[in-house]
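The file run-v2.cif contains mmCIF, C-alpha atoms:
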```cif
data_entry
#
loop_
_atom_site.group_PDB
_atom_site.id
_atom_site.type_symbol
_atom_site.label_atom_id
_atom_site.label_comp_id
_atom_site.auth_asym_id
_atom_site.auth_seq_id
_atom_site.Cartn_x
_atom_site.Cartn_y
_atom_site.Cartn_z
ATOM 1 C CA MET I 1405 -27.223 -0.474 -26.035
ATOM 2 C CA LYS I 1406 -26.765 -0.654 -22.284
ATOM 3 C CA LYS I 1407 -23.339 0.717 -21.413
ATOM 4 C CA ALA I 1408 -21.861 0.992 -17.925
ATOM 5 C CA ILE I 1409 -18.654 2.294 -16.420
ATOM 6 C CA TYR I 1410 -16.858 0.643 -13.516
ATOM 7 C CA PRO I 1411 -14.533 3.349 -12.130
ATOM 8 C CA GLY I 1412 -11.617 2.971 -9.765
ATOM 9 C CA SER I 1413 -7.907 3.374 -9.295
ATOM 10 C CA PHE I 1414 -7.220 -0.394 -9.545
ATOM 11 C CA ASP I 1415 -3.715 -0.066 -8.099
ATOM 12 C CA PRO I 1416 -3.412 -3.027 -8.531
ATOM 13 C CA ILE I 1417 -6.537 -4.764 -9.794
ATOM 14 C CA THR I 1418 -7.682 -7.483 -7.392
ATOM 15 C CA ASN I 1419 -9.719 -10.635 -7.897
ATOM 16 C CA GLY I 1420 -12.559 -8.758 -6.182
ATOM 17 C CA HIS I 1421 -12.450 -6.120 -8.917
ATOM 18 C CA LEU I 1422 -12.303 -8.842 -11.545
ATOM 19 C CA ASP I 1423 -15.345 -10.528 -10.005
ATOM 20 C CA ILE I 1424 -17.360 -7.294 -10.389
ATOM 21 C CA ILE I 1425 -16.110 -6.863 -13.978
ATOM 22 C CA GLU I 1426 -17.044 -10.418 -14.925
ATOM 23 C CA ARG I 1427 -20.518 -10.183 -13.409
ATOM 24 C CA SER I 1428 -21.136 -6.736 -14.927
ATOM 25 C CA SER I 1429 -20.142 -8.030 -18.353
ATOM 26 C CA LYS I 1430 -23.082 -10.450 -18.136
ATOM 27 C CA VAL I 1431 -25.552 -7.641 -17.367
ATOM 28 C CA PHE I 1432 -24.468 -4.899 -19.773
ATOM 29 C CA ASP I 1433 -23.789 -4.849 -23.510
ATOM 30 C CA GLU I 1434 -20.575 -2.931 -22.843
ATOM 31 C CA VAL I 1435 -18.581 -2.318 -19.667
ATOM 32 C CA ILE I 1436 -15.835 0.272 -19.540
ATOM 33 C CA VAL I 1437 -13.325 -0.073 -16.739
ATOM 34 C CA GLY I 1438 -12.544 3.574 -16.001
ATOM 35 C CA VAL I 1439 -9.058 3.782 -14.526
ATOM 36 C CA LEU I 1440 -8.896 6.945 -12.475
ATOM 37 C CA VAL I 1441 -5.893 9.182 -12.206
ATOM 38 C CA ASN I 1442 -6.344 9.946 -8.506
ATOM 39 C CA VAL I 1443 -4.312 13.020 -7.557
ATOM 40 C CA ASP I 1444 -4.950 12.316 -3.856
ATOM 41 C CA LYS I 1445 -3.213 8.930 -3.975
ATOM 42 C CA LYS I 1446 0.375 8.083 -4.800
ATOM 43 C CA GLY I 1447 0.010 5.046 -7.011
ATOM 44 C CA LEU I 1448 2.270 2.028 -7.057
ATOM 45 C CA PHE I 1449 1.698 1.669 -10.793
ATOM 46 C CA THR I 1450 1.481 4.410 -13.388
ATOM 47 C CA ILE I 1451 -1.844 4.945 -15.102
ATOM 48 C CA ASP I 1452 -0.494 3.320 -18.290
ATOM 49 C CA GLU I 1453 0.761 0.289 -16.361
ATOM 50 C CA ARG I 1454 -2.623 -0.138 -14.680
ATOM 51 C CA VAL I 1455 -4.467 0.110 -17.997
ATOM 52 C CA LYS I 1456 -2.167 -2.513 -19.563
ATOM 53 C CA MET I 1457 -2.547 -4.851 -16.585
ATOM 54 C CA ILE I 1458 -6.319 -4.607 -16.658
ATOM 55 C CA GLU I 1459 -6.479 -5.027 -20.434
ATOM 56 C CA SER I 1460 -4.472 -8.236 -20.110
ATOM 57 C CA VAL I 1461 -6.800 -9.773 -17.506
ATOM 58 C CA VAL I 1462 -10.120 -8.751 -19.104
ATOM 59 C CA LYS I 1463 -9.323 -10.259 -22.519
ATOM 60 C CA PRO I 1464 -11.809 -13.123 -21.960
ATOM 61 C CA TYR I 1465 -14.652 -10.590 -21.720
ATOM 62 C CA LYS I 1466 -15.238 -9.350 -25.254
ATOM 63 C CA ASN I 1467 -17.594 -6.556 -24.158
ATOM 64 C CA VAL I 1468 -15.156 -5.009 -21.643
ATOM 65 C CA LYS I 1469 -12.926 -2.058 -22.534
ATOM 66 C CA VAL I 1470 -10.398 -0.178 -20.412
ATOM 67 C CA LYS I 1471 -9.929 3.595 -20.487
ATOM 68 C CA SER I 1472 -8.049 5.977 -18.231
ATOM 69 C CA PHE I 1473 -9.526 9.286 -17.162
ATOM 70 C CA ASP I 1474 -8.967 12.210 -14.860
ATOM 71 C CA GLY I 1475 -11.424 14.763 -13.643
ATOM 72 C CA LEU I 1476 -15.086 14.050 -13.058
ATOM 73 C CA LEU I 1477 -16.544 10.614 -13.697
ATOM 74 C CA ILE I 1478 -19.651 12.342 -15.058
ATOM 75 C CA ASP I 1479 -17.545 13.819 -17.873
ATOM 76 C CA LEU I 1480 -16.379 10.323 -18.867
ATOM 77 C CA MET I 1481 -19.985 9.095 -18.665
ATOM 78 C CA LYS I 1482 -21.083 11.802 -21.111
ATOM 79 C CA LYS I 1483 -18.126 11.218 -23.437
ATOM 80 C CA GLU I 1484 -18.869 7.486 -23.578
ATOM 81 C CA ASP I 1485 -22.662 7.922 -23.630
ATOM 82 C CA ALA I 1486 -22.972 5.619 -20.603
ATOM 83 C CA LYS I 1487 -25.879 5.864 -18.181
ATOM 84 C CA VAL I 1488 -24.853 3.471 -15.400
ATOM 85 C CA ILE I 1489 -22.015 3.602 -12.885
ATOM 86 C CA ILE I 1490 -21.073 0.259 -11.341
ATOM 87 C CA LYS I 1491 -19.738 0.320 -7.812
ATOM 88 C CA GLY I 1492 -18.579 -2.744 -5.930
ATOM 89 C CA LEU I 1493 -19.351 -2.969 -2.236
ATOM 90 C CA ARG I 1494 -17.379 -5.147 0.161
ATOM 91 C CA ALA I 1495 -19.067 -4.175 3.402
ATOM 92 C CA VAL I 1496 -21.546 -1.745 4.905
ATOM 93 C CA SER I 1497 -18.649 0.641 5.544
ATOM 94 C CA ASP I 1498 -18.171 1.027 1.756
ATOM 95 C CA PHE I 1499 -21.833 1.910 1.285
ATOM 96 C CA GLU I 1500 -21.819 5.235 3.151
ATOM 97 C CA TYR I 1501 -19.047 6.735 1.009
ATOM 98 C CA GLU I 1502 -20.341 5.240 -2.245
ATOM 99 C CA PHE I 1503 -23.895 6.390 -1.476
ATOM 100 C CA GLN I 1504 -22.659 9.980 -1.072
ATOM 101 C CA MET I 1505 -20.787 9.727 -4.375
ATOM 102 C CA ALA I 1506 -23.887 8.301 -6.097
ATOM 103 C CA LEU I 1507 -25.981 11.215 -4.843
ATOM 104 C CA MET I 1508 -23.368 13.723 -6.008
ATOM 105 C CA ASN I 1509 -23.143 12.103 -9.438
ATOM 106 C CA ASN I 1510 -26.939 12.096 -9.686
ATOM 107 C CA LYS I 1511 -26.968 15.790 -8.759
ATOM 108 C CA LEU I 1512 -24.439 16.510 -11.523
ATOM 109 C CA ASP I 1513 -26.450 14.474 -14.040
ATOM 110 C CA PRO I 1514 -29.912 13.173 -13.055
ATOM 111 C CA ASP I 1515 -29.884 10.748 -16.009
ATOM 112 C CA ILE I 1516 -27.020 8.769 -14.474
ATOM 113 C CA GLU I 1517 -27.795 5.805 -12.222
ATOM 114 C CA THR I 1518 -25.436 3.995 -9.865
ATOM 115 C CA LEU I 1519 -25.663 0.230 -9.545
ATOM 116 C CA PHE I 1520 -24.198 -1.245 -6.375
ATOM 117 C CA MET I 1521 -22.925 -4.811 -6.650
ATOM 118 C CA MET I 1522 -21.975 -6.799 -3.592
ATOM 119 C CA THR I 1523 -18.644 -8.496 -4.046
ATOM 120 C CA ASN I 1524 -18.372 -12.237 -3.721
ATOM 121 C CA ALA I 1525 -17.988 -13.030 -0.005
ATOM 122 C CA LYS I 1526 -14.603 -14.663 -0.608
ATOM 123 C CA TYR I 1527 -13.255 -11.267 -1.723
ATOM 124 C CA SER I 1528 -14.969 -9.082 0.869
ATOM 125 C CA TYR I 1529 -11.740 -8.331 2.740
ATOM 126 C CA LEU I 1530 -9.687 -7.471 -0.350
ATOM 127 C CA SER I 1531 -8.421 -4.022 -1.196
ATOM 128 C CA SER I 1532 -5.577 -2.808 -3.356
ATOM 129 C CA SER I 1533 -4.044 -1.219 -0.246
ATOM 130 C CA ALA I 1534 -4.091 -4.533 1.629
ATOM 131 C CA ILE I 1535 -2.525 -6.305 -1.359
ATOM 132 C CA LYS I 1536 0.320 -3.783 -1.460
ATOM 133 C CA GLN I 1537 0.860 -4.091 2.293
ATOM 134 C CA VAL I 1538 1.037 -7.895 2.212
ATOM 135 C CA ALA I 1539 3.303 -7.922 -0.845
ATOM 136 C CA LYS I 1540 5.572 -5.234 0.629
ATOM 137 C CA PHE I 1541 6.448 -7.612 3.448
ATOM 138 C CA GLY I 1542 6.825 -10.659 1.195
ATOM 139 C CA GLY I 1543 3.442 -12.236 1.922
ATOM 140 C CA CYS I 1544 1.578 -14.459 -0.492
ATOM 141 C CA ILE I 1545 -0.911 -12.647 -2.732
ATOM 142 C CA LYS I 1546 -1.860 -15.698 -4.810
ATOM 143 C CA GLU I 1547 -5.639 -15.956 -5.245
ATOM 144 C CA LEU I 1548 -5.946 -12.280 -4.257
ATOM 145 C CA VAL I 1549 -4.900 -10.797 -7.599
ATOM 146 C CA PRO I 1550 -4.785 -12.318 -11.087
ATOM 147 C CA ASP I 1551 -1.781 -14.669 -11.350
ATOM 148 C CA SER I 1552 -0.299 -12.732 -14.254
ATOM 149 C CA ILE I 1553 0.185 -9.578 -12.204
ATOM 150 C CA ILE I 1554 1.737 -11.156 -9.091
ATOM 151 C CA PRO I 1555 5.292 -10.779 -10.419
ATOM 152 C CA LEU I 1556 4.540 -7.204 -11.509
ATOM 153 C CA VAL I 1557 3.487 -6.260 -7.973
ATOM 154 C CA PHE I 1558 6.601 -7.744 -6.392
ATOM 155 C CA GLU I 1559 8.849 -6.184 -9.027
ATOM 156 C CA LYS I 1560 7.372 -2.723 -8.366
ATOM 157 C CA LEU I 1561 7.873 -3.080 -4.630
ATOM 158 C CA LYS I 1562 11.589 -3.914 -4.913
#
```
Could you write out this file's structure as structure tokens?
Amino acid sequence: MKKAIYPGSFDPITNGHLDIIERSSKVFDEVIVGVLVNVDKKGLFTIDERVKMIESVVKPYKNVKVKSFDGLLIDLMKKEDAKVIIKGLRAVSDFEYEFQMALMNNKLDPDIETLFMMTNAKYSYLSSSAIKQVAKFGGCIKELVPDSIIPLVFEKLK
């Protein structure tokens, strides 16, 4: 069974993230969305809220699961017996950082591979940070995040 993990903070999940999840679900038998507890970032949503949000929007993909984790991604990979890390790339600027992370993960476990997926061009400018910034000032985030989480974002920012 080919199992992959798509890690990130997903605070909140964007349509760009969802695009990568959907496409990955067609390539792998199982995709785990690994929701990272990032101690370096102050999240808008709690880890449990993010997991619930993602679970609600990935329901159409029967081979996608959502799990939270902290610590090293490699530890989650071993626990889940996954061999592939999926990383979405929006632009060349993402590649440098993600390439360094891929090399580090490969150093920690040479059996792990990283698959880079280019995001759909229509989502190439999206980031969770940009979504929060636009929403904070009352801007429209329709078509940027799943419709079901739009009210959750605005409620959190009140």
Notebook entry, point to check: Got a sec to resolve the PyMOL selection byres ((chain I and resi 1424) around 10) on this structure and send the residues as a PyMOL selection string?
Noted result: chain I and resi 1410+1419-1423+1425-1429+1490-1493+1520-1524
Check: Counting only C-alpha atoms, which of I:Asn1467, I:Ser1532, I:Thr1418, I:Ser1472 gets nearest to I:Lys1430?
Finding: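 Among I:Asn1467, I:Ser1532, I:Thr1418, I:Ser1472, it is I:Asn1467 that comes nearest to I:Lys1430.
For I:Ile1409, the residues within 7 Å (counting all atoms listed in the file, excluding itself and residues fewer than 5 positions away along the chain) are I:Val1435, I:Ile1436, I:Val1437, I:Gly1438, I:Ala1486, I:Val1488, I:Ile1489, I:Ile1490.
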Notebook entry, point to check: Of the residues I:Val1549, I:Ile1516, I:Leu1507, I:Val1538, which is the one nearest to I:Asp1485, using all atoms listed in the file?
Noted result: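 When distances to I:Asp1485 are compared using all atoms listed in the file, the smallest one comes from I:Ile1516.
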Item checked: the PyMOL selection byres ((chain I and resi 1541-1548) around 12) resolved against shown file, as a count of residues only -> 36
Checklist line | Distance criterion (all atoms listed in the file): nearest to I:Lys1446 out of I:Leu1512, I:Thr1518, I:Asp1415, I:Asp1479 | finding: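 Closest residue, counting all atoms listed in the file: I:Asp1415.
In terms of minimum interatomic distance to I:Arg1454, I:Phe1414 ranks closest within I:Leu1480, I:Phe1414, I:Val1468, I:Phe1432, counting all atoms listed in the file.
Taking atom CA of I:Asn1510 as the reference point, atom CA of I:Ile1478 is found at 9.1 Å.
Using only C-alpha atoms, the nearest neighbour of I:Glu1434 within the list I:Ile1451, I:Met1505, I:Met1405, I:Val1462 is I:Met1405.
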Notebook entry, point to check: When you draw a straight line from atom CA of I:Lys1407 to atom CA of I:Lys1456, how long is it in Å?
Noted result: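 Going from atom CA of I:Lys1407 over to atom CA of I:Lys1456, I get 21.5 Å.
Our summary of the geometry notes that atom CA of I:Lys1471 is positioned 6.9 Å from atom CA of I:Val1455.
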Coordinates of box centre and edge lengths for stretch 1455-1463 of chain I, 8 Å on every side, axis-aligned, as AutoDock Vina command-line options:
```
--center_x -6.1 --center_y -5.1 --center_z -19.6 --size_x 24.0 --size_y 26.4 --size_z 21.9
```
Item checked: Residue nearest I:Val1431 - candidates I:Ala1506, I:Leu1519, I:Leu1448, I:Met1457, atoms counted: all atoms listed in the file -> I:Leu1519
Reconstructed all heavy atoms for stretch 1539-1550 of chain I, given as a short mmCIF file (atom, residue, chain, number, x, y, z; two decimals), in the coordinates of the input:
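Heads up, here's the output in out06.cif:
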```cif
data_model
loop_
_atom_site.label_atom_id
_atom_site.label_comp_id
_atom_site.auth_asym_id
_atom_site.auth_seq_id
_atom_site.Cartn_x
_atom_site.Cartn_y
_atom_site.Cartn_z
N ALA I 1539 2.20 -7.70 0.09
CA ALA I 1539 3.30 -7.92 -0.84
C ALA I 1539 4.57 -7.21 -0.39
O ALA I 1539 5.68 -7.74 -0.53
CB ALA I 1539 2.91 -7.46 -2.25
N LYS I 1540 4.42 -6.02 0.17
CA LYS I 1540 5.57 -5.23 0.63
C LYS I 1540 6.41 -6.02 1.63
O LYS I 1540 7.64 -5.91 1.65
CB LYS I 1540 5.08 -3.93 1.26
CG LYS I 1540 6.17 -3.03 1.76
CD LYS I 1540 5.59 -1.75 2.34
CE LYS I 1540 6.67 -0.85 2.89
NZ LYS I 1540 6.11 0.37 3.47
N PHE I 1541 5.73 -6.84 2.43
CA PHE I 1541 6.45 -7.61 3.45
C PHE I 1541 6.64 -9.07 3.04
O PHE I 1541 6.89 -9.93 3.88
CB PHE I 1541 5.72 -7.49 4.79
CG PHE I 1541 5.80 -6.09 5.35
CD1 PHE I 1541 4.70 -5.24 5.29
CD2 PHE I 1541 6.99 -5.60 5.88
CE1 PHE I 1541 4.77 -3.94 5.78
CE2 PHE I 1541 7.07 -4.30 6.37
CZ PHE I 1541 5.96 -3.47 6.31
N GLY I 1542 6.51 -9.33 1.73
CA GLY I 1542 6.82 -10.66 1.20
C GLY I 1542 5.74 -11.70 1.37
O GLY I 1542 6.00 -12.89 1.18
N GLY I 1543 4.54 -11.28 1.74
CA GLY I 1543 3.44 -12.24 1.92
C GLY I 1543 2.89 -12.75 0.61
O GLY I 1543 3.14 -12.19 -0.46
N CYS I 1544 2.15 -13.81 0.69
CA CYS I 1544 1.58 -14.46 -0.49
C CYS I 1544 0.31 -13.72 -0.94
O CYS I 1544 -0.62 -13.54 -0.14
CB CYS I 1544 1.24 -15.91 -0.17
SG CYS I 1544 0.49 -16.79 -1.54
N ILE I 1545 0.28 -13.32 -2.19
CA ILE I 1545 -0.91 -12.65 -2.73
C ILE I 1545 -1.60 -13.50 -3.80
O ILE I 1545 -2.48 -13.03 -4.50
CB ILE I 1545 -0.58 -11.23 -3.26
CG1 ILE I 1545 0.48 -11.26 -4.35
CG2 ILE I 1545 -0.18 -10.31 -2.10
CD1 ILE I 1545 0.73 -9.91 -5.03
N LYS I 1546 -1.20 -14.78 -3.88
CA LYS I 1546 -1.86 -15.70 -4.81
C LYS I 1546 -3.33 -15.82 -4.41
O LYS I 1546 -3.67 -15.82 -3.24
CB LYS I 1546 -1.18 -17.06 -4.77
CG LYS I 1546 -1.71 -18.02 -5.81
CD LYS I 1546 -0.73 -19.15 -6.03
CE LYS I 1546 -1.20 -20.12 -7.07
NZ LYS I 1546 -1.53 -19.56 -8.35
N GLU I 1547 -4.19 -15.89 -5.40
CA GLU I 1547 -5.64 -15.96 -5.24
C GLU I 1547 -6.26 -14.63 -4.79
O GLU I 1547 -7.46 -14.54 -4.59
CB GLU I 1547 -6.06 -17.10 -4.31
CG GLU I 1547 -5.66 -18.47 -4.86
CD GLU I 1547 -6.07 -19.61 -3.96
OE1 GLU I 1547 -6.79 -19.40 -2.97
OE2 GLU I 1547 -5.64 -20.74 -4.26
N LEU I 1548 -5.44 -13.60 -4.63
CA LEU I 1548 -5.95 -12.28 -4.26
C LEU I 1548 -5.95 -11.34 -5.46
O LEU I 1548 -6.78 -10.44 -5.54
CB LEU I 1548 -5.10 -11.67 -3.13
CG LEU I 1548 -4.95 -12.51 -1.86
CD1 LEU I 1548 -4.06 -11.78 -0.85
CD2 LEU I 1548 -6.28 -12.87 -1.27
N VAL I 1549 -5.00 -11.57 -6.36
CA VAL I 1549 -4.90 -10.80 -7.60
C VAL I 1549 -4.74 -11.80 -8.74
O VAL I 1549 -4.35 -12.95 -8.50
CB VAL I 1549 -3.70 -9.81 -7.59
CG1 VAL I 1549 -3.86 -8.77 -6.50
CG2 VAL I 1549 -2.39 -10.54 -7.45
N PRO I 1550 -5.02 -11.40 -9.97
CA PRO I 1550 -4.78 -12.32 -11.09
C PRO I 1550 -3.33 -12.79 -11.10
O PRO I 1550 -2.41 -12.00 -10.86
CB PRO I 1550 -5.11 -11.47 -12.31
CG PRO I 1550 -6.07 -10.43 -11.81
CD PRO I 1550 -5.60 -10.12 -10.41
#
```
